[in-house]
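Chemist: Data file upload-v4.tsv (TSV, C-alpha atoms and all ligand atoms) is appended below.
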```tsv
chain	number	residue	atom	x	y	z
O	1	MET	CA	39.49	54.52	-15.85
O	2	ASP	CA	41.31	51.25	-15.08
O	3	GLN	CA	41.97	48.61	-17.69
O	4	SER	CA	39.32	46.13	-16.49
O	5	THR	CA	36.63	48.80	-16.55
O	6	SER	CA	37.52	49.89	-20.07
O	7	GLU	CA	37.68	46.29	-21.27
O	8	LEU	CA	34.22	45.57	-19.88
O	9	ARG	CA	32.84	48.83	-21.32
O	10	ALA	CA	34.08	47.78	-24.75
O	11	ARG	CA	32.63	44.27	-24.41
O	12	LEU	CA	29.25	45.68	-23.38
O	13	ARG	CA	29.23	47.98	-26.40
O	14	ALA	CA	30.01	45.10	-28.75
O	15	ALA	CA	27.37	42.80	-27.20
O	16	ARG	CA	23.98	41.98	-28.66
O	17	HIS	CA	22.53	40.44	-25.52
O	18	VAL	CA	23.64	41.23	-21.98
O	19	VAL	CA	22.26	39.29	-19.03
O	20	VAL	CA	22.55	40.78	-15.56
O	21	LEU	CA	22.16	38.62	-12.45
O	22	SER	CA	21.51	40.88	-9.48
O	23	GLY	CA	21.38	40.13	-5.77
O	24	ALA	CA	20.75	42.02	-2.55
O	25	GLY	CA	23.98	44.07	-2.94
O	26	MET	CA	22.30	45.74	-5.91
O	27	SER	CA	19.66	47.23	-3.59
O	28	ALA	CA	21.93	47.97	-0.61
O	29	GLU	CA	22.63	51.55	-1.68
O	30	SER	CA	18.87	52.11	-1.94
O	31	GLY	CA	18.62	51.31	1.77
O	32	VAL	CA	17.30	47.74	1.44
O	33	PRO	CA	19.36	45.49	3.73
O	34	THR	CA	21.25	42.52	2.26
O	35	PHE	CA	20.98	39.04	3.80
O	36	ARG	CA	24.52	37.93	4.55
O	37	ASP	CA	26.63	41.06	5.14
O	38	ALA	CA	28.24	40.58	8.54
O	39	GLN	CA	26.82	43.58	10.45
O	40	THR	CA	23.86	44.77	8.44
O	41	GLY	CA	22.58	41.59	6.76
O	42	LEU	CA	19.11	40.35	7.72
O	43	TRP	CA	20.41	36.83	8.40
O	44	ALA	CA	22.84	38.29	10.96
O	45	ARG	CA	19.84	39.47	13.00
O	46	PHE	CA	17.12	36.94	12.17
O	47	ARG	CA	17.00	33.19	11.59
O	48	PRO	CA	15.81	32.30	8.09
O	49	GLU	CA	14.24	29.07	9.36
O	50	ASP	CA	11.95	31.14	11.63
O	51	LEU	CA	10.85	33.54	8.90
O	52	ALA	CA	11.47	32.38	5.36
O	53	THR	CA	10.21	28.79	5.09
O	54	PRO	CA	6.72	27.32	4.56
O	55	GLU	CA	7.09	25.53	7.92
O	56	ALA	CA	7.79	28.83	9.72
O	57	TYR	CA	4.66	30.30	8.17
O	58	GLU	CA	2.60	27.32	9.30
O	59	ARG	CA	3.97	27.58	12.84
O	60	GLN	CA	3.77	31.35	13.27
O	61	PRO	CA	1.91	32.97	10.40
O	62	ASP	CA	1.47	36.25	12.30
O	63	LEU	CA	5.21	36.59	13.01
O	64	VAL	CA	6.10	35.85	9.40
O	65	TRP	CA	3.41	38.19	8.02
O	66	ASN	CA	4.56	41.03	10.29
O	67	TRP	CA	8.23	40.56	9.39
O	68	TYR	CA	7.41	40.80	5.69
O	69	ALA	CA	5.14	43.79	6.36
O	70	TRP	CA	8.14	45.53	7.96
O	71	ARG	CA	10.35	44.69	4.98
O	72	ARG	CA	7.62	45.80	2.58
O	73	GLU	CA	7.66	49.18	4.30
O	74	LEU	CA	11.44	49.44	3.90
O	75	VAL	CA	11.10	48.60	0.22
O	76	GLY	CA	8.26	51.12	-0.16
O	77	ARG	CA	10.56	53.89	1.06
O	78	ALA	CA	13.49	52.85	-1.16
O	79	GLU	CA	14.32	54.54	-4.46
O	80	PRO	CA	16.40	53.11	-7.32
O	81	HIS	CA	19.99	54.40	-7.32
O	82	ALA	CA	22.48	55.36	-10.03
O	83	GLY	CA	23.35	51.69	-10.64
O	84	HIS	CA	19.74	50.78	-11.44
O	85	VAL	CA	19.54	53.79	-13.76
O	86	ALA	CA	22.79	52.78	-15.48
O	87	LEU	CA	21.28	49.37	-16.34
O	88	VAL	CA	18.32	51.18	-17.92
O	89	GLU	CA	20.80	53.31	-19.94
O	90	LEU	CA	22.50	50.11	-21.10
O	91	GLU	CA	19.35	49.36	-23.10
O	92	ARG	CA	20.30	52.26	-25.40
O	93	VAL	CA	23.59	50.70	-26.41
O	94	VAL	CA	22.77	46.97	-26.35
O	95	ALA	CA	19.93	45.47	-28.41
O	96	ARG	CA	18.79	43.13	-25.63
O	97	VAL	CA	19.29	43.47	-21.88
O	98	THR	CA	17.75	40.84	-19.59
O	99	ILE	CA	17.83	41.44	-15.87
O	100	VAL	CA	17.56	38.28	-13.81
O	101	THR	CA	17.08	39.32	-10.22
O	102	GLN	CA	16.96	37.55	-6.89
O	103	ASN	CA	15.63	40.76	-5.38
O	104	VAL	CA	11.99	41.02	-4.39
O	105	ASP	CA	11.85	44.82	-4.23
O	106	GLY	CA	10.94	45.70	-7.83
O	107	LEU	CA	13.63	48.43	-7.97
O	108	HIS	CA	14.88	47.45	-11.46
O	109	GLN	CA	11.36	47.83	-12.84
O	110	ARG	CA	10.82	51.11	-10.99
O	111	ALA	CA	14.05	52.45	-12.48
O	112	GLY	CA	12.69	51.56	-15.94
O	113	SER	CA	14.39	48.30	-16.97
O	114	THR	CA	12.05	46.68	-19.46
O	115	HIS	CA	12.93	42.99	-19.27
O	116	VAL	CA	13.17	41.79	-15.66
O	117	LEU	CA	12.84	38.17	-14.53
O	118	GLU	CA	12.10	37.85	-10.82
O	119	LEU	CA	13.50	34.53	-9.56
O	120	HIS	CA	12.39	34.97	-5.95
O	121	GLY	CA	9.05	36.74	-6.45
O	122	ASN	CA	8.06	40.21	-5.32
O	123	ILE	CA	7.44	41.34	-1.76
O	124	LEU	CA	4.96	43.97	-2.91
O	125	ARG	CA	2.59	41.28	-4.20
O	126	THR	CA	0.37	39.12	-1.99
O	127	VAL	CA	-1.02	35.66	-2.77
O	128	CYS	CA	-3.35	33.26	-1.04
O	129	SER	CA	-1.40	30.39	0.48
O	130	GLU	CA	-4.30	28.04	-0.33
O	131	CYS	CA	-5.92	28.97	-3.66
O	132	ARG	CA	-2.72	30.74	-4.89
O	133	ARG	CA	-4.65	33.64	-6.39
O	134	LYS	CA	-2.94	37.01	-6.37
O	135	VAL	CA	-4.79	39.34	-4.05
O	136	GLU	CA	-4.63	43.14	-4.06
O	137	ARG	CA	-7.19	44.08	-1.43
O	138	TRP	CA	-8.56	42.46	1.67
O	139	THR	CA	-10.71	43.48	4.59
O	140	GLY	CA	-10.61	42.79	8.31
O	141	ASP	CA	-7.64	43.08	10.62
O	142	SER	CA	-6.65	39.49	11.15
O	143	VAL	CA	-2.92	38.79	10.91
O	144	PRO	CA	-2.29	37.34	8.44
O	145	PRO	CA	-5.26	38.71	6.50
O	146	ARG	CA	-7.65	36.24	4.81
O	147	CYS	CA	-8.18	35.63	1.12
O	148	PRO	CA	-11.37	37.34	-0.16
O	149	HIS	CA	-12.01	34.30	-2.43
O	150	CYS	CA	-11.40	31.25	-0.19
O	151	GLN	CA	-10.61	32.65	3.29
O	152	GLY	CA	-7.17	31.04	3.22
O	153	PRO	CA	-4.32	32.94	4.93
O	154	LEU	CA	-2.52	35.44	2.68
O	155	ARG	CA	1.26	35.46	2.29
O	156	PRO	CA	3.86	37.51	0.44
O	157	ASP	CA	4.45	36.38	-3.15
O	158	VAL	CA	8.08	35.45	-2.50
O	159	VAL	CA	9.99	32.20	-2.75
O	160	TRP	CA	10.85	30.65	0.61
O	161	PHE	CA	13.62	28.19	1.35
O	162	GLY	CA	12.49	24.74	0.25
O	163	GLU	CA	10.11	26.11	-2.41
O	164	SER	CA	10.56	25.98	-6.19
O	165	LEU	CA	11.33	29.03	-8.25
O	166	PRO	CA	8.57	30.34	-10.52
O	167	GLN	CA	9.06	27.98	-13.48
O	168	GLY	CA	8.50	30.55	-16.24
O	169	ALA	CA	11.06	32.99	-14.85
O	170	TRP	CA	13.57	30.23	-14.19
O	171	LEU	CA	13.33	28.71	-17.67
O	172	SER	CA	13.53	32.16	-19.29
O	173	ALA	CA	16.59	32.98	-17.17
O	174	GLN	CA	18.42	29.84	-18.28
O	175	GLN	CA	17.47	30.54	-21.89
O	176	ALA	CA	18.66	34.16	-21.63
O	177	VAL	CA	22.03	33.04	-20.26
O	178	ALA	CA	22.42	30.54	-23.10
O	179	GLU	CA	21.80	33.32	-25.64
O	180	ALA	CA	23.88	36.06	-24.02
O	181	ASP	CA	27.28	37.32	-25.05
O	182	VAL	CA	28.09	39.09	-21.78
O	183	MET	CA	26.87	38.45	-18.25
O	184	LEU	CA	27.15	40.87	-15.32
O	185	VAL	CA	26.90	39.31	-11.86
O	186	VAL	CA	26.13	42.15	-9.45
O	187	GLY	CA	25.90	42.17	-5.66
O	188	THR	CA	25.17	38.52	-4.98
O	189	SER	CA	27.02	36.22	-2.60
O	190	GLY	CA	26.25	33.30	-4.93
O	191	LEU	CA	25.32	31.08	-2.00
O	192	VAL	CA	21.70	30.34	-2.88
O	193	GLU	CA	20.87	27.75	-5.52
O	194	PRO	CA	19.65	27.49	-8.16
O	195	ALA	CA	20.24	31.21	-8.93
O	196	ALA	CA	23.93	30.76	-8.13
O	197	SER	CA	24.24	28.21	-10.93
O	198	LEU	CA	23.55	30.82	-13.66
O	199	PRO	CA	27.03	32.43	-13.67
O	200	ARG	CA	28.58	28.94	-13.74
O	201	LEU	CA	26.30	28.04	-16.65
O	202	ALA	CA	27.47	31.15	-18.51
O	203	ARG	CA	31.11	30.17	-18.09
O	204	ARG	CA	30.34	26.64	-19.25
O	205	TYR	CA	28.96	28.18	-22.45
O	206	ASP	CA	32.14	30.29	-22.63
O	207	ILE	CA	30.21	33.51	-22.15
O	208	PHE	CA	32.16	36.45	-20.74
O	209	ALA	CA	30.91	36.80	-17.15
O	210	ALA	CA	32.07	39.83	-15.15
O	211	GLU	CA	31.42	40.10	-11.44
O	212	ILE	CA	30.82	43.35	-9.54
O	213	ASN	CA	30.87	43.09	-5.77
O	214	LEU	CA	32.33	44.74	-2.68
O	215	ALA	CA	34.13	41.49	-1.87
O	216	PRO	CA	35.10	38.27	-3.68
O	217	THR	CA	32.59	35.38	-3.70
O	218	PRO	CA	32.82	31.64	-4.47
O	219	PHE	CA	32.22	32.56	-8.16
O	220	THR	CA	35.14	35.04	-8.33
O	221	PRO	CA	37.86	32.53	-9.34
O	222	SER	CA	35.73	31.49	-12.35
O	223	ALA	CA	34.70	35.06	-13.29
O	224	SER	CA	36.13	36.46	-16.53
O	225	LEU	CA	36.77	39.72	-14.71
O	226	PHE	CA	36.14	41.02	-11.17
O	227	LEU	CA	35.44	44.68	-10.41
O	228	SER	CA	35.63	45.45	-6.72
O	229	GLY	CA	33.29	48.20	-5.55
O	230	ALA	CA	29.72	49.31	-5.06
O	231	ALA	CA	27.11	48.71	-7.74
O	232	GLY	CA	26.09	52.37	-7.59
O	233	ASP	CA	29.63	53.48	-8.47
O	234	ILE	CA	30.71	50.78	-10.91
O	235	LEU	CA	27.62	50.33	-13.09
O	236	PRO	CA	27.47	54.01	-14.14
O	237	SER	CA	31.17	53.88	-15.08
O	238	LEU	CA	30.39	50.90	-17.33
O	239	CYS	CA	27.07	51.87	-18.83
O	240	ASP	CA	27.04	55.67	-19.13
O	241	PRO	CA	27.49	56.91	-22.68
W	1	LIG	P1	23.50	38.22	0.08
W	1	LIG	O1	23.14	39.06	1.23
W	1	LIG	O2	23.78	36.78	0.30
W	1	LIG	O3	24.80	38.81	-0.65
W	1	LIG	C1	24.90	40.19	-0.91
W	1	LIG	C2	26.17	40.41	-1.72
W	1	LIG	O4	26.21	41.76	-2.13
W	1	LIG	C3	27.46	40.14	-0.93
W	1	LIG	O5	28.32	39.36	-1.74
W	1	LIG	C4	28.03	41.55	-0.68
W	1	LIG	O6	29.46	41.56	-0.69
W	1	LIG	C5	27.50	42.29	-1.89
W	1	LIG	N1	27.29	43.74	-1.71
W	1	LIG	C6	26.82	44.39	-0.61
W	1	LIG	N2	26.67	45.70	-0.87
W	1	LIG	C7	27.06	45.89	-2.16
W	1	LIG	C8	27.10	47.02	-3.03
W	1	LIG	N3	26.74	48.23	-2.61
W	1	LIG	N4	27.55	46.84	-4.30
W	1	LIG	C9	27.93	45.61	-4.73
W	1	LIG	N5	27.89	44.51	-3.97
W	1	LIG	C10	27.45	44.63	-2.70
W	1	LIG	O7	22.35	38.43	-1.03
W	1	LIG	P2	21.94	37.51	-2.25
W	1	LIG	O8	23.14	36.93	-2.91
W	1	LIG	O9	20.99	38.30	-3.09
W	1	LIG	O10	16.50	34.55	-0.97
W	1	LIG	O11	21.13	36.37	-1.53
W	1	LIG	C11	20.49	35.40	-2.28
W	1	LIG	C12	19.18	35.02	-1.65
W	1	LIG	O12	19.38	34.66	-0.28
W	1	LIG	C13	18.15	36.13	-1.56
W	1	LIG	O13	17.43	36.32	-2.77
W	1	LIG	C14	17.26	35.66	-0.46
W	1	LIG	C15	18.31	35.23	0.53
W	1	LIG	O14	17.91	34.32	1.47
W	1	LIG	C16	15.25	34.35	-0.60
W	1	LIG	O15	14.68	35.08	0.19
W	1	LIG	C17	14.64	33.14	-1.24
```
In structure tokens, write the structure found in this file.
Ligand code: OAD
Modeler:
Amino acid sequence: MDQSTSELRARLRAARHVVVLSGAGMSAESGVPTFRDAQTGLWARFRPEDLATPEAYERQPDLVWNWYAWRRELVGRAEPHAGHVALVELERVVARVTIVTQNVDGLHQRAGSTHVLELHGNILRTVCSECRRKVERWTGDSVPPRCPHCQGPLRPDVVWFGESLPQGAWLSAQQAVAEADVMLVVGTSGLVEPAASLPRLARRYDIFAAEINLAPTPFTPSASLFLSGAAGDILPSLCDP
């Protein structure tokens, strides 16, 4: 084991509260595509302004609904990998583990992590774009389907560009960072605000913030430690007993 890995292992074992910020790279090994990887990222093949904004949904609700339905299917077929499981194991050695995720796939929860804050919503949930109620069932085959309460068009319960983060999750995430002694920043390019501000906030509080990624990011120069590699390889080497 290299020196950085053993240093981080020791810090994790001495910590009382670990906060993990995860991004799409965390789910890549489960078969869920990232957004910005050059060949395989979704934003290399699709334009976010056509698919992931409220204006896009107003213009072409059927296109947007169908694109999310396709992604929901991908997510439905995905299984958590060894890295997700390692973060569950971490709960045995650290009193408090808070996962703050930008991912909308629910894989941390499916693996068994108990405290997960979803900053960008969850693609497996559906809400009414008008009355905002969460909807589990609907009838008829219109695309998008209609809300059983108010007939408004349904949409995925995810955050689109230009929309605010769910306030409760965002406030809890900031609070968790303020109270943490170690932060792990896993598989995120750090290009989307405000999530990207959390690792910077940790460093401002002088919290040890380690980054795990296949490649350096804009946060890397400020990271306390950088481990280069895949989440599914590195997290087990850090968290396994
Ligand atoms: P990105 O696609 O921007 O970045 C993925 C990061 O994961 C990159 O830095 C990759 O180098 C890294 N990566 C890829 N595979 C990895 C692996 N196996 N192990 C470790 N790292 C790996 O994804 P996010 O940073 O999550 O927002 O993107 C942030 C937000 O932008 C998303 O939540 C989404 C998107 O638009 C919304 O939809 C609101």
Chemist: Using only C-alpha atoms, which residues sit within 8 Å of Pro166 (chain O) once same-chain residues fewer than 5 positions away are excluded, as a list in words?
Modeler: Leu119, His120 and Gly121 of chain O
Chemist: Which polymer residues have any atom within 7 Å of an atom of Gln174 (chain O), counting all atoms listed in the file, with same-chain residues fewer than 4 positions away left out, as a PDB file with C-alpha atoms, in the coordinates of the input?
Modeler:
```pdb
ATOM      1  CA  TRP O 170      13.570  30.230 -14.190  1.00  0.00           C
ATOM      2  CA  ALA O 178      22.420  30.540 -23.100  1.00  0.00           C
ATOM      3  CA  LEU O 198      23.550  30.820 -13.660  1.00  0.00           C
TER       4      LEU O 198
END
```
Chemist: Show me, as an MDAnalysis selection string, the residues that have an atom within 7 Å of region 137-139 of chain O when counting only C-alpha atoms, minus same-chain residues fewer than 5 positions from it.
Modeler: chainID O and resid 145 147:148
Chemist: Neighbours of ligand LIG 1 (chain W) at 8 Å or closer, counting all atoms listed in the file: which residues, as a PDB file with C-alpha atoms, in the frame of the given file?
Modeler:
```pdb
ATOM      1  CA  SER O  22      21.510  40.880  -9.480  1.00  0.00           C
ATOM      2  CA  GLY O  23      21.380  40.130  -5.770  1.00  0.00           C
ATOM      3  CA  ALA O  24      20.750  42.020  -2.550  1.00  0.00           C
ATOM      4  CA  GLY O  25      23.980  44.070  -2.940  1.00  0.00           C
ATOM      5  CA  MET O  26      22.300  45.740  -5.910  1.00  0.00           C
ATOM      6  CA  SER O  27      19.660  47.230  -3.590  1.00  0.00           C
ATOM      7  CA  ALA O  28      21.930  47.970  -0.610  1.00  0.00           C
ATOM      8  CA  GLU O  29      22.630  51.550  -1.680  1.00  0.00           C
ATOM      9  CA  PRO O  33      19.360  45.490   3.730  1.00  0.00           C
ATOM     10  CA  THR O  34      21.250  42.520   2.260  1.00  0.00           C
ATOM     11  CA  PHE O  35      20.980  39.040   3.800  1.00  0.00           C
ATOM     12  CA  ARG O  36      24.520  37.930   4.550  1.00  0.00           C
ATOM     13  CA  ASP O  37      26.630  41.060   5.140  1.00  0.00           C
ATOM     14  CA  GLY O  41      22.580  41.590   6.760  1.00  0.00           C
ATOM     15  CA  LEU O  42      19.110  40.350   7.720  1.00  0.00           C
ATOM     16  CA  TRP O  43      20.410  36.830   8.400  1.00  0.00           C
ATOM     17  CA  PRO O  48      15.810  32.300   8.090  1.00  0.00           C
ATOM     18  CA  ALA O  52      11.470  32.380   5.360  1.00  0.00           C
ATOM     19  CA  GLN O 102      16.960  37.550  -6.890  1.00  0.00           C
ATOM     20  CA  ASN O 103      15.630  40.760  -5.380  1.00  0.00           C
ATOM     21  CA  VAL O 104      11.990  41.020  -4.390  1.00  0.00           C
ATOM     22  CA  HIS O 120      12.390  34.970  -5.950  1.00  0.00           C
ATOM     23  CA  VAL O 158       8.080  35.450  -2.500  1.00  0.00           C
ATOM     24  CA  VAL O 159       9.990  32.200  -2.750  1.00  0.00           C
ATOM     25  CA  TRP O 160      10.850  30.650   0.610  1.00  0.00           C
ATOM     26  CA  PHE O 161      13.620  28.190   1.350  1.00  0.00           C
ATOM     27  CA  VAL O 186      26.130  42.150  -9.450  1.00  0.00           C
ATOM     28  CA  GLY O 187      25.900  42.170  -5.660  1.00  0.00           C
ATOM     29  CA  THR O 188      25.170  38.520  -4.980  1.00  0.00           C
ATOM     30  CA  SER O 189      27.020  36.220  -2.600  1.00  0.00           C
ATOM     31  CA  GLY O 190      26.250  33.300  -4.930  1.00  0.00           C
ATOM     32  CA  LEU O 191      25.320  31.080  -2.000  1.00  0.00           C
ATOM     33  CA  VAL O 192      21.700  30.340  -2.880  1.00  0.00           C
ATOM     34  CA  ALA O 195      20.240  31.210  -8.930  1.00  0.00           C
ATOM     35  CA  ILE O 212      30.820  43.350  -9.540  1.00  0.00           C
ATOM     36  CA  ASN O 213      30.870  43.090  -5.770  1.00  0.00           C
ATOM     37  CA  LEU O 214      32.330  44.740  -2.680  1.00  0.00           C
ATOM     38  CA  ALA O 215      34.130  41.490  -1.870  1.00  0.00           C
ATOM     39  CA  PRO O 216      35.100  38.270  -3.680  1.00  0.00           C
ATOM     40  CA  THR O 217      32.590  35.380  -3.700  1.00  0.00           C
ATOM     41  CA  SER O 228      35.630  45.450  -6.720  1.00  0.00           C
ATOM     42  CA  GLY O 229      33.290  48.200  -5.550  1.00  0.00           C
ATOM     43  CA  ALA O 230      29.720  49.310  -5.060  1.00  0.00           C
ATOM     44  CA  ALA O 231      27.110  48.710  -7.740  1.00  0.00           C
ATOM     45  CA  GLY O 232      26.090  52.370  -7.590  1.00  0.00           C
TER      46      GLY O 232
END
```
Chemist: For Thr101 (chain O), which residue out of O:Asp62, O:Glu7, O:Glu118, O:Glu136 is the nearest one, using only C-alpha atoms?
Modeler: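 Distance minimum relative to Thr101 (chain O) lands on O:Glu118.
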Chemist: Which residue, O:Leu165, O:Ala69, O:Ala82, O:Val93, has the smallest gap to Ile123 (chain O) when you use all atoms listed in the file?
Modeler: O:Ala69
Chemist: Find, counting all atoms listed in the file, the residue in O:Leu227, O:Val116, O:Leu8, O:Trp65 that gets nearest to Glu211 (chain O).
Modeler: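 Result for the nearest residue to Glu211 (chain O): O:Leu227.
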Chemist: Could you add the missing atoms to region 160-181 of chain O, up to N, CA, C and O atoms, and return them as a short mmCIF file (atom, residue, chain, number, x, y, z; two decimals), in the coordinates of the input?
Modeler:
```
data_model
loop_
_atom_site.label_atom_id
_atom_site.label_comp_id
_atom_site.auth_asym_id
_atom_site.auth_seq_id
_atom_site.Cartn_x
_atom_site.Cartn_y
_atom_site.Cartn_z
N TRP O 160 10.22 30.99 -0.66
CA TRP O 160 10.85 30.65 0.61
C TRP O 160 11.80 29.48 0.44
O TRP O 160 11.69 28.71 -0.54
N PHE O 161 12.71 29.33 1.39
CA PHE O 161 13.62 28.19 1.35
C PHE O 161 12.79 26.91 1.29
O PHE O 161 11.81 26.77 2.02
N GLY O 162 13.22 26.00 0.40
CA GLY O 162 12.49 24.74 0.25
C GLY O 162 11.42 24.81 -0.81
O GLY O 162 10.82 23.78 -1.15
N GLU O 163 11.12 26.00 -1.35
CA GLU O 163 10.11 26.11 -2.41
C GLU O 163 10.79 26.22 -3.78
O GLU O 163 11.95 26.63 -3.88
N SER O 164 10.01 25.88 -4.82
CA SER O 164 10.56 25.98 -6.19
C SER O 164 10.48 27.42 -6.67
O SER O 164 9.62 28.18 -6.26
N LEU O 165 11.38 27.73 -7.60
CA LEU O 165 11.33 29.03 -8.25
C LEU O 165 10.15 29.06 -9.21
O LEU O 165 9.75 28.00 -9.70
N PRO O 166 9.62 30.27 -9.50
CA PRO O 166 8.57 30.34 -10.52
C PRO O 166 9.13 29.78 -11.84
O PRO O 166 10.15 30.27 -12.33
N GLN O 167 8.49 28.73 -12.35
CA GLN O 167 9.06 27.98 -13.48
C GLN O 167 9.31 28.83 -14.72
O GLN O 167 10.35 28.70 -15.36
N GLY O 168 8.35 29.72 -15.03
CA GLY O 168 8.50 30.55 -16.24
C GLY O 168 9.74 31.41 -16.16
O GLY O 168 10.56 31.46 -17.09
N ALA O 169 9.91 32.08 -15.02
CA ALA O 169 11.06 32.99 -14.85
C ALA O 169 12.36 32.20 -14.88
O ALA O 169 13.35 32.62 -15.47
N TRP O 170 12.35 31.03 -14.27
CA TRP O 170 13.57 30.23 -14.19
C TRP O 170 13.98 29.71 -15.57
O TRP O 170 15.15 29.80 -15.96
N LEU O 171 13.01 29.21 -16.32
CA LEU O 171 13.33 28.71 -17.67
C LEU O 171 13.80 29.86 -18.55
O LEU O 171 14.79 29.72 -19.29
N SER O 172 13.12 31.01 -18.47
CA SER O 172 13.53 32.16 -19.29
C SER O 172 14.93 32.63 -18.90
O SER O 172 15.70 33.07 -19.76
N ALA O 173 15.26 32.55 -17.62
CA ALA O 173 16.59 32.98 -17.17
C ALA O 173 17.67 32.08 -17.76
O ALA O 173 18.70 32.55 -18.28
N GLN O 174 17.43 30.78 -17.73
CA GLN O 174 18.42 29.84 -18.28
C GLN O 174 18.59 30.06 -19.79
O GLN O 174 19.71 30.07 -20.31
N GLN O 175 17.46 30.28 -20.44
CA GLN O 175 17.47 30.54 -21.89
C GLN O 175 18.25 31.83 -22.20
O GLN O 175 19.08 31.86 -23.10
N ALA O 176 17.98 32.87 -21.40
CA ALA O 176 18.66 34.16 -21.63
C ALA O 176 20.17 33.99 -21.47
O ALA O 176 20.95 34.52 -22.28
N VAL O 177 20.59 33.24 -20.46
CA VAL O 177 22.03 33.04 -20.26
C VAL O 177 22.62 32.32 -21.47
O VAL O 177 23.67 32.71 -22.00
N ALA O 178 21.90 31.31 -21.96
CA ALA O 178 22.42 30.54 -23.10
C ALA O 178 22.59 31.42 -24.33
O ALA O 178 23.45 31.16 -25.18
N GLU O 179 21.77 32.48 -24.43
CA GLU O 179 21.80 33.32 -25.64
C GLU O 179 22.62 34.59 -25.48
O GLU O 179 22.71 35.39 -26.40
N ALA O 180 23.19 34.79 -24.28
CA ALA O 180 23.88 36.06 -24.02
C ALA O 180 25.30 36.08 -24.57
O ALA O 180 25.89 35.02 -24.79
N ASP O 181 25.84 37.28 -24.81
CA ASP O 181 27.28 37.32 -25.05
C ASP O 181 28.07 37.89 -23.88
O ASP O 181 29.27 37.67 -23.80
#
```
